[in-house]
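J.: The following block contains the structure, expressed as structure tokens.
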Amino acid sequence: MDTGSNRVDALVVAAKGVLGAVPIVGPIVAEVVGAIIPNQRIDRIARLLEALRRKVADQDQTLIERRMKTPEGVDLLEDAFHQAARALSDERLEYIADVLKKGISDEQAKQSESKSLMWLLGQLSDPEVILLAWFDRVTSGNRDEKFEKRHSNIIEPPVAQLGSSQEEIDNEALHNARKAQLVTLGLLRPRFRHVRKGESPEFDERTGMMKASGHDVTALGRLLLRTINPQ
């Protein structure tokens, strides 16, 4: 007797029961869950679907069902399930649900666009999402004191200098790595000071690269933020 297969079969049956009980979206995805996420964290998938249910409760259910059953819709669901199975916070599940909602409830939105946003989200840690949102608030002149206080440990790390503790050095290194990741993904763009004739550009001693005077959120970054709206 193949006990491994039996265990997976039992998980799939349990998954279908849990997911099928979620109103509106549950019965639809329960049909495909067995082929997509055997032996994964079903509890997180159920929490994702509950978040999705809340977000699409006032949407056109016929449209949602039609778009979810397309090959593109199933593909987007698969991406969402895999990310949800690794999600470590409720905020992350909310982000995934927001991207999924865009792909299945907005007839004008291309599902390929939502798939790209889902991929981008998967490349970002929760602190990187918060840092991107902070840059957007700063550059748009829409700063939020409560947001900044809530996430001060992410957006305002201590500047390491001679005599700094190892923790301060580590925090600054993490902050710089998060910024670099946002730039690499095309969500954040460094801004450089205009160099007048006869002047030399300023270089960062640590990286050897031209020193940025600030950062701007790109159009792609703003699209992602409009979709997931981190708080």
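In the structure tokens, chains take the letters A, B, ... in the order shown, each chain's residues start at 1, and ligands count up from 1 in the order shown.
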Please list as a VMD selection string every residue within 9 Å of Gln181 in chain A, counting only C-alpha atoms and excluding residues in the same chain fewer than 5 positions away.
T.: chain A and resid 123 to 124 128 176 186 to 188
J.: Show which residues sit within 12 Å of Arg222 in chain A, as a PyMOL selection string. Count only C-alpha atoms, and ignore same-chain residues fewer than 2 positions away.
T.: chain A and resi 117+129+132-137+139-140+186-189+216-220+224-230
J.: Near Ser105 in chain A, within 9 Å and counting only C-alpha atoms, which residues show up once chain neighbours fewer than 6 positions away are dropped, as a list in words?
T.: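 Counting only C-alpha atoms, the residues come to Val56, Gln59, Asp60, Gln61, Leu63, Ile64, Glu65, Arg67 and Met68 of chain A.
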J.: Restricting it to C-alpha atoms, dump the selection as a short mmCIF file (atom, residue, chain, number, x, y, z; two decimals), in the first residue's frame.
T.:
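Written out: selection26.cif:
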data_model
loop_
_atom_site.label_atom_id
_atom_site.label_comp_id
_atom_site.auth_asym_id
_atom_site.auth_seq_id
_atom_site.Cartn_x
_atom_site.Cartn_y
_atom_site.Cartn_z
CA VAL A 56 -14.98 40.36 -4.20
CA GLN A 59 -18.34 42.20 -7.54
CA ASP A 60 -20.01 40.51 -10.53
CA GLN A 61 -19.94 36.83 -9.49
CA LEU A 63 -17.65 37.46 -14.31
CA ILE A 64 -15.49 36.13 -11.49
CA GLU A 65 -16.48 32.53 -12.13
CA ARG A 67 -12.45 34.47 -15.43
CA MET A 68 -11.36 32.00 -12.74
#
J.: So how far away is CA of Met118 in chain A from CA of Arg92 in chain A, in Å?
T.: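 For CA of Arg92 in chain A relative to CA of Met118 in chain A, the distance reads 11.5 Å.
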J.: Kindly indicate which residue among A:Leu131, A:Arg191, A:Gln161, A:Ser213 lies nearest to His175 in chain A, using only C-alpha atoms for the distances.
T.: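 Under the stated criterion, the closest residue is A:Leu131.
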J.: Show me, as a ChimeraX atom specification, the residues that have an atom within 9 Å of Lys101 in chain A when counting only C-alpha atoms, minus same-chain residues fewer than 2 positions from it.
T.: /A:52,55-56,64,96-99,103-106,114
J.: Would you write out those residues with N, CA and C atoms, as a compact mmCIF listing (two decimals), in the first residue's frame?
T.:
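Just written: out_33.txt:
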# COMPACT_ATOMS: atom_id res chain seq x y z
N LEU A 52 -10.02 36.89 0.01
CA LEU A 52 -10.52 37.13 -1.35
C LEU A 52 -12.03 37.27 -1.36
N LYS A 55 -13.09 40.66 -0.42
CA LYS A 55 -12.73 41.68 -1.41
C LYS A 55 -13.61 41.63 -2.66
N VAL A 56 -14.18 40.47 -2.97
CA VAL A 56 -14.98 40.36 -4.20
C VAL A 56 -16.47 40.20 -3.90
N ILE A 64 -16.56 36.76 -12.26
CA ILE A 64 -15.49 36.13 -11.49
C ILE A 64 -15.38 34.65 -11.81
N ILE A 96 -1.67 39.13 -1.56
CA ILE A 96 -1.91 38.10 -2.58
C ILE A 96 -3.37 38.15 -3.03
N ALA A 97 -4.27 38.29 -2.07
CA ALA A 97 -5.70 38.36 -2.39
C ALA A 97 -6.01 39.59 -3.24
N ASP A 98 -5.33 40.71 -2.98
CA ASP A 98 -5.56 41.93 -3.77
C ASP A 98 -5.16 41.72 -5.23
N VAL A 99 -4.00 41.08 -5.44
CA VAL A 99 -3.56 40.83 -6.81
C VAL A 99 -4.50 39.85 -7.50
N GLY A 103 -7.06 40.26 -10.94
CA GLY A 103 -7.04 39.38 -12.10
C GLY A 103 -8.37 38.72 -12.41
N ILE A 104 -9.24 38.55 -11.39
CA ILE A 104 -10.47 37.80 -11.64
C ILE A 104 -11.74 38.65 -11.63
N SER A 105 -11.64 39.90 -11.16
CA SER A 105 -12.88 40.68 -11.03
C SER A 105 -12.91 41.92 -11.90
N ASP A 106 -11.79 42.28 -12.50
CA ASP A 106 -11.72 43.48 -13.34
C ASP A 106 -11.67 43.06 -14.80
N SER A 114 -1.82 40.78 -14.06
CA SER A 114 -1.92 40.32 -12.68
C SER A 114 -0.90 39.23 -12.39
J.: Looking only at strand (DSSP E or B) from DSSP on the backbone, list the matching residues of range 33-199 of chain A as a list in words.
T.: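 Those in range 33-199 of chain A that DSSP calls strand (DSSP E or B) are Leu188, Arg189, Pro190 and Arg191 of chain A.
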J.: For the selection you just gave me, I'd like the residues written to a file as a CSV table (one decimal), in the first residue's frame, keeping C-alpha atoms.
T.:
chain,number,residue,atom,x,y,z
A,188,LEU,CA,12.3,52.2,-7.5
A,189,ARG,CA,14.6,54.5,-9.5
A,190,PRO,CA,17.6,56.3,-8.1
A,191,ARG,CA,17.6,60.1,-8.6
J.: In Å, with one decimal, what is the gap from CA of Pro71 in chain A to CA of Ser112 in chain A?
T.: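 According to the coordinates, CA of Pro71 in chain A and CA of Ser112 in chain A are separated by 11.1 Å.
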J.: At a cut-off of 10 Å, using only C-alpha atoms, what residues contact Leu93 in chain A? Leave out same-chain residues fewer than 6 positions from it and give the result as a list in words.
T.: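 Once the nearby chain positions are removed, what remains is Arg44, Ile45, Arg47, Leu48, Leu49, Glu50, Ala51, Leu52, Ala80, Phe81, Gln83, Ala84, Ala85, Arg86 and Ala87 of chain A.
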J.: Just C-alpha atoms for this one: save the residues we selected as a PDB file, in the first residue's frame.
T.:
ATOM      1  CA  ARG A  44      -3.127  29.440   4.692  1.00  0.00           C
ATOM      2  CA  ILE A  45      -4.929  28.807   1.401  1.00  0.00           C
ATOM      3  CA  ARG A  47      -7.280  32.220   4.879  1.00  0.00           C
ATOM      4  CA  LEU A  48      -6.312  33.589   1.472  1.00  0.00           C
ATOM      5  CA  LEU A  49      -9.708  32.626   0.072  1.00  0.00           C
ATOM      6  CA  GLU A  50     -11.502  34.189   3.014  1.00  0.00           C
ATOM      7  CA  ALA A  51      -9.630  37.439   2.337  1.00  0.00           C
ATOM      8  CA  LEU A  52     -10.520  37.135  -1.346  1.00  0.00           C
ATOM      9  CA  ALA A  80      -1.461  32.638  -5.582  1.00  0.00           C
ATOM     10  CA  PHE A  81      -1.752  29.283  -3.825  1.00  0.00           C
ATOM     11  CA  GLN A  83       2.720  32.072  -2.517  1.00  0.00           C
ATOM     12  CA  ALA A  84       0.025  31.733   0.148  1.00  0.00           C
ATOM     13  CA  ALA A  85       1.488  28.402   1.258  1.00  0.00           C
ATOM     14  CA  ARG A  86       4.717  30.250   2.118  1.00  0.00           C
ATOM     15  CA  ALA A  87       3.096  33.392   3.539  1.00  0.00           C
TER      16      ALA A  87
END
